[in-house]
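See structure below.
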Amino acid sequence: MRKSIIASIILFLIIVFVLLGLYLFVYSSRPKTVRLGYLRADLHQLAVYVAIEKKWFEEEGIKLSVSQFINGNEEMDAFMAGALDIGYLGTAPASVKRINAGAPITLVAGVNVEGSAIVVRKNQGISSLLDLKGKTVAVPGFGNVQHFLLLMALEKAGLTEKDVAITRIPFSDMEDALRAGEIDAFIVWEPWASAAVEHGVGDILITSDKIWRQHPCCVVAVDNGFLRENKEIVKKIIEIHIKATHYISNPQNHDEIVKIASKYCNLPGQVIEEAMKHITYVSSLNVDGIKTYVSKLVEYGYIEEEKVPEDLKGFMETFVSTEFLKGS
Amino acid sequence: MKGKERVIQALSILSALTLWEILIDFFRELGVTRAHFIPSPVEVGQAFLKLAFEGDSFGTSLAVHTVYSVERVLAGFALSVAVGVPLGIFIGRVRTLEYFFTPIEVIRHIPPIAWIPFAIILLGIGLPSYMFIIFLGGFFPVVLNTVNGIRGVSDVHIDVAKIFGGREKEILIKVMLPSALPQIFTGVRVGLGVSWMCLIAAEFMGVKGIVPVGLGQLIILMDDIGYLAGMIVGMATIGFVGFLINEAFLLLENRLLKWKRKL
């Protein structure tokens with residue numbers, strides 16, 4: 001009797017270890033394709049849409065397997081699960097999960113600055129940030145860029161997050177929720193602010209450049225293990241990214257760019273054109289801006305203070321790498 | 001015997017926690033990156049204390065999250081019982097009604113989670129939507145068990161009541177209901193369990209209110225900000241509260257149905 005109990009415990013432990021070993025073996029043996037993530041229908045990330053459409057990755061011999069996410073928080077989960085090699089996402093979720101949970105990523109390029117907006121329901125008398133007091137405001141994720149910008153905007157108006165009801169709704173449901181009167185306002189990335197205006201559902205209360213001028217927004221993040229082992233591939237991808245960013249900024253390509261954006265966001269060209277006015281595409285990294293994110297996120301209580309490295313400058317050097325941007 | 005059971009149960013929990021701690025330490029020591037994301041029991045304990053006393057980033061404590069969730073479940077599940085039990089009795093009594101309601105079976109196979117987008121469009125984000133999802137989860141176990149309970153009433157009992165001149169109404173209240181009660185209770189207990197699970201799914205859709213509250217929202221918030229030990233605290237609380245609700249209900253059932261054990 002006793003023997004069989006001991007035997008079954010040992011057997012159980014063996015099974016546990018074998019399964020864990022198998023799991024780690026399967027997931028750590030990386031496939032040859034580069035696993036790239038980006039946010040669905042986020043006009044900020046136009047550079048990656050352009051590069052994919054123009055087949056620039058194939059031209060460089062890079063085979064991609066692409067995953068789409070509805071917010072940066074979930075994309076960071078994929079990084080933590082070891083399911084992504086490289087990804088386009090917001091600075092805030094990248095910083096939050098890098099510090100709070102130790103997600104092994106490095107930021108290697110910028111994607112855009114500015115480009116979000118707070119949209120309010122029509123005819124509700126919300127004409128200033130102060131009017132948001134007591135209202136329900138939707139964010140696409142907690143601790144992401146838009147939530148962060150909302151907190152900053154509230155702070156500017158002398159309010160805190162306790163003064164408004166913050167609810168988390170997928171970006172794609174926000175306009176419906178606003179139309180139905182479920183929420184009074186939302187903050188979202190373009191083109192979804194301009195789309196709500198175009199559809200007659202809401203008005204833009206404030207664009208994010210008025211909350212924080214030239215604020216960093218989306219970045220390119222790379223898994224640290226992938227970066228160590230595949231520097232050449234990362235270098236190529238960032239070159240493509242820079243090329244795409246330049247391509248977007250060239251007025252000669254305007255019509256083609258609008259067409260690609262229109263396809264990826266599933267919106268008419270005129271909405272895209274309006275939305276693009278709120279976004280600046282840059283591939284450089286604003287290290288001081290990222291530092292501001294970190295310190296503000298601590299202040300707002302979304303990064304655990306005890307987890308912030310004392311040597312913030314030293315930490316930034318491990319978190320942000322500008323080596324692939326040199327010469328651009 | 002009771003004491004021995006308790007000791008073994010405590011040992012089960014303790015050994016699971018120890019194994020968890022050892023495995024985490026082992027893999028962290030090995031340098032497996034992902035082992036650092038999975039919190040150890042000690043870290044979860046610290047997170048529990050933090051969430052219980054300091055609260056989350058909105059300052060909402062674990063107790064508040066739990067109370068909101070329990071309230072929502074009770075509101076939705078009360079509806080399941082209020083509709084499910086009477087309907088079950090009718091279906092159990094009248095054959096024609098059974099055929100009429102058979103098509104509902106199709107709805108039973110739609111998971112409550114699949115109703116969420118529909119609920120948002122129909123009822124918006126908030127208590128009515130939660131109640132709808134929770135109602136759907138609890139309704140079917142309640143109604144099906146009630147039907148079976150009523151069906152299972154012995155014909156002999158009914159015949160005896162008839163012979164002694166019992167009228168339909170009397171037979172229903174004095175013979176059928178008491179006889180079906182154990183089964184109805186089982187349905188309610190199972191339904192409550194399903195409702196509790198649906199609540200968490202419902203809360204994932206968002207929350208209307210000055211701050212996000214509810215255990216489902218706590219899990220999302222903790223996941224969003226990468227505080228994974230806090231996420232586990234939310235999960236564990238859900239399990240623990242669900243367990244407590246079930247135990248409390250069993251206790252109530254045993255007390256109310258004492259007569260049954262004497263039979």
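Following the order of the structure tokens, chains are lettered A, B, ..., residues in each are numbered from 1, and ligands are numbered from 1.
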
* Pick out the residues sitting within 6 Å of segment 202-205 of chain B, and hand them over as a list in words; count only C-alpha atoms, and ignore anything fewer than 5 positions along from it in its own chain. => Tyr130, Gly216 and Gln217 of chain B

Take the residues from that selection and write them out as a compact mmCIF listing (two decimals), in the first residue's frame, keeping C-alpha atoms.
```txt
# COMPACT_ATOMS: atom_id res chain seq x y z
CA TYR B 130 -24.04 40.57 -16.73
CA GLY B 216 -12.93 39.35 -13.74
CA GLN B 217 -11.92 42.99 -14.18
```

* Residue list for chain B near chain A as a PyMOL selection string, 10 Å, only C-alpha atoms -> chain B and resi 19+23+27+32-34+36-39+56-59+117+120-126+204-213+217+220-229

* Please report, as a PyMOL selection string, each residue of segment 58-153 of chain A to which DSSP assigns strand (DSSP E) when run on this structure's backbone. => chain A and resi 64-69+86-90+105-110+112-114+116-121+136-139

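Excluding Ala82 of chain B itself and same-chain residues fewer than 6 positions from it, the residues having an atom within 12 Å of it are Leu74, Ala75, Gly76, Gly88, Ile89, Phe135, Gly138, Phe139, Val142, Val143 and Val188 of chain B, counting only C-alpha atoms.
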
Could you write those residues out with C-alpha atoms, as a CSV table (one decimal), in the first residue's frame?
```
chain,number,residue,atom,x,y,z
B,74,LEU,CA,-26.8,36.6,-7.0
B,75,ALA,CA,-28.7,39.1,-9.1
B,76,GLY,CA,-28.4,37.1,-12.3
B,88,GLY,CA,-39.5,23.3,-14.9
B,89,ILE,CA,-42.5,22.4,-12.9
B,135,PHE,CA,-29.0,34.0,-16.2
B,138,GLY,CA,-27.7,29.2,-14.5
B,139,PHE,CA,-31.0,28.7,-16.2
B,142,VAL,CA,-32.1,24.6,-12.9
B,143,VAL,CA,-34.8,24.0,-15.4
B,188,VAL,CA,-29.7,25.1,-8.2
```

Which residues of segment 129-172 of chain A come within 10 Å of segment 274-298 of chain A, and for each one, what is the closest pair of atoms and their distance in Å to one decimal, counting only C-alpha atoms, sorted by chain and residue number, as JSON lines?
```
{"residue": "A:Gly143", "atom": "CA", "partner": "A:Leu297", "partner_atom": "CA", "distance": 7.8}
{"residue": "A:Asn144", "atom": "CA", "partner": "A:Leu297", "partner_atom": "CA", "distance": 9.9}
{"residue": "A:Val145", "atom": "CA", "partner": "A:Tyr293", "partner_atom": "CA", "distance": 9.0}
{"residue": "A:Phe148", "atom": "CA", "partner": "A:Leu297", "partner_atom": "CA", "distance": 7.5}
{"residue": "A:Leu149", "atom": "CA", "partner": "A:Tyr293", "partner_atom": "CA", "distance": 9.8}
{"residue": "A:Leu151", "atom": "CA", "partner": "A:Leu297", "partner_atom": "CA", "distance": 9.5}
{"residue": "A:Met152", "atom": "CA", "partner": "A:Lys296", "partner_atom": "CA", "distance": 8.6}
```

* To do: For Glu53 of chain A, work out the shell of residues within 12 Å, counting only C-alpha atoms and skipping chain neighbours fewer than 3 positions away, then give it as a list in words.
  => Leu46, Ala47, Val48, Tyr49, Val50, Trp56, Phe57, Glu58, Glu59, Ala244, Glu256, Ile257, Lys259, Ile260, Ala261, Lys263 and Tyr264 of chain A
